[in-house]
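Let me begin by presenting the structure, written as structure tokens, before commenting on it.
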Amino acid sequence: MSADLVPDELVAWVRQATTVTVLTGAGMSAESGIATFRDAQTGLWERYDPMQIASVDAWLSDPSLVYGWYVWRVAVAHAAAPNAGHLALADWARRTRVRIVTQNVDDLHERAGNSDVVHLHGELMALRCSDEWCGAPYDQPLPIVSEPTERVTPPPCSVCGAPVRPGVVWFGEMLPEGAMDTAADLVLGSDLVLVVGTSGIVYPAAMLPDLARGHGVPVVEINPEATDLSDRVDLCWRTTAARGLPLLVGSDAPAP
Ligand code: OAD
């Protein structure tokens, strides 16, 4: 199956679908220059396991290290631009009901023009107080740094003085209230589900493709590599987000 040719079966599903849900993961933003979650161990962060840094335990034992890591991730996300895959989904949403459910904490789908986006794992730019009783939003923007710094002291909450934290979901935390229910409703109300750029190993997000298939909604994986989900979808298309999605959306374009 060619990376540059939309599989016939997928073209047929795309043309029939009036409502589509696209589940995206870190691979969606890879061609925008944002390393995937499991590839983020470069440079200064080589010594650290991202799975450990993005955790409640890491925050409690070393908040400055965790904050420093997110300050750098914000800088990387800020410097990145939506890629051809993000732009194709936004284009598609202008003529079809396309909803995005993302595990990504960047805002590239929104910057591409998609307004219907559920962030299962929170949002990088949304800071809030780390005290669970206070939780006040922090409205100062994060500084955009040009170089990574290993440790950055989190600023104090302007209401209670507790350290401010990024509004993302860490290992050991629940998803934002209602996010999974909303995502499940979107998937169940779709004619087609696309799964783009996720390794499918983090739950509960990885349950969504199974939920769709269990209800007879076709599920297609778009990923250059095989994943834990590959055996549990209707079709795998081995291509990348920025290569495949423009072709896929083009296959649904009205005739000139
Ligand atoms: P991963 O880093 O686990 O997986 C990225 C996936 O993207 C892999 O399957 C790659 O093959 C694929 N990929 C790479 N480049 C691609 C491209 N150009 N186009 C399409 N696919 C590409 O990222 P996620 O599955 O998103 O959670 O990780 C899920 C969650 O695990 C993250 O949201 C994060 C992490 O722990 C939390 O922080 C709670």
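Scheme for the structure tokens: letters A, B, ... for chains in order shown; per-chain residue numbers from 1; ligand numbers from 1 in order shown.
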Inset, instruction - Check every protein, DNA and RNA residue against ligand 1, keep those with an atom at most 7 Å away (counting only C-alpha atoms and all ligand atoms), and present them as a PyMOL selection string. - result: chain A and resi 24-28+30-31+36-39+51+54+103-104+121+169-171+196-202+222-227+239-242
Inset, instruction - Find the spatial neighbours of region 69-75 of chain A, counting only C-alpha atoms, within a cut-off of 9 Å - ignore same-chain residues fewer than 5 positions away - and output them as a VMD selection string. - result: chain A and resid 34 45 53 64 80 106 124 to 125 142 to 152 166
With N, CA, C and O atoms retained, export the selected residues as a tab-separated table (two decimals), in the first residue's frame.
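Dumped to again04.tsv:
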```tsv
chain	number	residue	atom	x	y	z
A	34	ILE	N	7.78	19.19	16.42
A	34	ILE	CA	7.62	18.88	17.85
A	34	ILE	C	7.87	17.37	18.00
A	34	ILE	O	7.12	16.56	17.46
A	45	TRP	N	17.58	17.03	27.99
A	45	TRP	CA	16.63	16.13	28.67
A	45	TRP	C	16.96	14.66	28.46
A	45	TRP	O	16.21	13.79	28.86
A	53	ILE	N	9.02	12.53	34.04
A	53	ILE	CA	8.90	13.99	34.24
A	53	ILE	C	7.44	14.41	34.23
A	53	ILE	O	7.02	15.26	35.01
A	64	SER	N	10.72	22.49	40.07
A	64	SER	CA	11.48	23.36	39.16
A	64	SER	C	11.95	22.59	37.93
A	64	SER	O	12.00	23.14	36.82
A	80	ALA	N	6.67	26.33	16.58
A	80	ALA	CA	6.17	25.42	15.54
A	80	ALA	C	4.95	26.03	14.85
A	80	ALA	O	4.23	26.83	15.43
A	106	ASP	N	-0.30	20.76	22.58
A	106	ASP	CA	-0.04	21.97	21.79
A	106	ASP	C	-1.36	22.49	21.22
A	106	ASP	O	-2.41	21.87	21.37
A	124	LEU	N	-1.04	22.92	27.09
A	124	LEU	CA	0.24	23.43	27.54
A	124	LEU	C	0.19	24.89	27.99
A	124	LEU	O	0.80	25.28	28.97
A	125	MET	N	-0.53	25.69	27.23
A	125	MET	CA	-0.50	27.13	27.48
A	125	MET	C	-1.41	27.53	28.66
A	125	MET	O	-1.33	28.66	29.14
A	142	LEU	N	3.39	32.37	29.71
A	142	LEU	CA	4.72	31.83	30.01
A	142	LEU	C	5.76	32.58	29.20
A	142	LEU	O	5.51	32.93	28.04
A	143	PRO	N	6.93	32.82	29.77
A	143	PRO	CA	7.98	33.46	28.97
A	143	PRO	C	8.38	32.52	27.84
A	143	PRO	O	8.42	31.31	28.03
A	144	ILE	N	8.63	33.07	26.66
A	144	ILE	CA	9.10	32.23	25.55
A	144	ILE	C	10.63	32.29	25.56
A	144	ILE	O	11.21	33.35	25.26
A	145	VAL	N	11.26	31.21	25.93
A	145	VAL	CA	12.72	31.20	26.06
A	145	VAL	C	13.37	30.73	24.75
A	145	VAL	O	12.72	30.05	23.95
A	146	SER	N	14.64	31.12	24.55
A	146	SER	CA	15.29	30.69	23.32
A	146	SER	C	16.19	29.48	23.55
A	146	SER	O	16.60	28.82	22.60
A	147	GLU	N	16.51	29.21	24.81
A	147	GLU	CA	17.36	28.06	25.14
A	147	GLU	C	16.69	27.28	26.28
A	147	GLU	O	16.08	27.90	27.16
A	148	PRO	N	16.83	25.96	26.29
A	148	PRO	CA	16.28	25.22	27.42
A	148	PRO	C	17.07	25.46	28.70
A	148	PRO	O	18.28	25.66	28.65
A	149	THR	N	16.40	25.51	29.81
A	149	THR	CA	17.05	25.61	31.12
A	149	THR	C	16.52	24.45	31.94
A	149	THR	O	15.31	24.19	31.95
A	150	GLU	N	17.42	23.77	32.63
A	150	GLU	CA	16.99	22.54	33.30
A	150	GLU	C	15.97	22.81	34.42
A	150	GLU	O	15.00	22.07	34.55
A	151	ARG	N	16.22	23.86	35.17
A	151	ARG	CA	15.30	24.14	36.28
A	151	ARG	C	14.78	25.57	36.18
A	151	ARG	O	15.57	26.50	36.03
A	152	VAL	N	13.47	25.74	36.27
A	152	VAL	CA	12.84	27.07	36.30
A	152	VAL	C	11.87	27.06	37.48
A	152	VAL	O	11.01	26.17	37.56
A	166	PRO	N	1.60	23.73	34.75
A	166	PRO	CA	0.95	23.68	33.43
A	166	PRO	C	-0.36	22.91	33.49
A	166	PRO	O	-0.51	22.00	34.31
```
Counting only C-alpha atoms, what is within 8 Å of Asn114 (chain A), bar same-chain residues fewer than 6 positions away, as a compact mmCIF listing (two decimals) with C-alpha atoms, in the first residue's frame?
```
# COMPACT_ATOMS: atom_id res chain seq x y z
CA LEU A 89 -8.15 18.77 8.66
CA ALA A 90 -9.12 22.43 9.07
CA ALA A 93 -13.96 20.88 8.59
CA ILE A 100 -10.77 16.47 16.70
```
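Put simply, CA of Asp234 (chain A) is 24.0 Å away from CA of Val117 (chain A).
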Inset, instruction - List the neighbours of Pro254 (chain A) out to 12 Å using only C-alpha atoms; skip same-chain residues closer than 5 positions along the sequence, and give me the result as a PyMOL selection string. - result: chain A and resi 15+92+95-96+249
Selection from above, N, CA and C atoms, as a PDB file, in the first residue's frame, can you write it?
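Everything below was put into part34.pdb:
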```pdb
ATOM      1  N   ARG A  15     -15.902   9.521   1.436  1.00  0.00           N
ATOM      2  CA  ARG A  15     -16.960  10.134   0.612  1.00  0.00           C
ATOM      3  C   ARG A  15     -18.333   9.933   1.221  1.00  0.00           C
ATOM      4  N   TRP A  92     -10.983  20.465   5.655  1.00  0.00           N
ATOM      5  CA  TRP A  92     -12.060  19.473   5.601  1.00  0.00           C
ATOM      6  C   TRP A  92     -13.247  19.908   6.475  1.00  0.00           C
ATOM      7  N   ARG A  95     -16.229  21.852   5.181  1.00  0.00           N
ATOM      8  CA  ARG A  95     -17.313  21.285   4.368  1.00  0.00           C
ATOM      9  C   ARG A  95     -17.889  19.992   4.924  1.00  0.00           C
ATOM     10  N   THR A  96     -17.262  19.440   5.976  1.00  0.00           N
ATOM     11  CA  THR A  96     -17.770  18.205   6.590  1.00  0.00           C
ATOM     12  C   THR A  96     -17.722  18.419   8.099  1.00  0.00           C
ATOM     13  N   VAL A 249      -8.066  14.282   2.356  1.00  0.00           N
ATOM     14  CA  VAL A 249      -9.066  15.356   2.303  1.00  0.00           C
ATOM     15  C   VAL A 249      -9.321  15.740   0.842  1.00  0.00           C
TER      16      VAL A 249
END
```
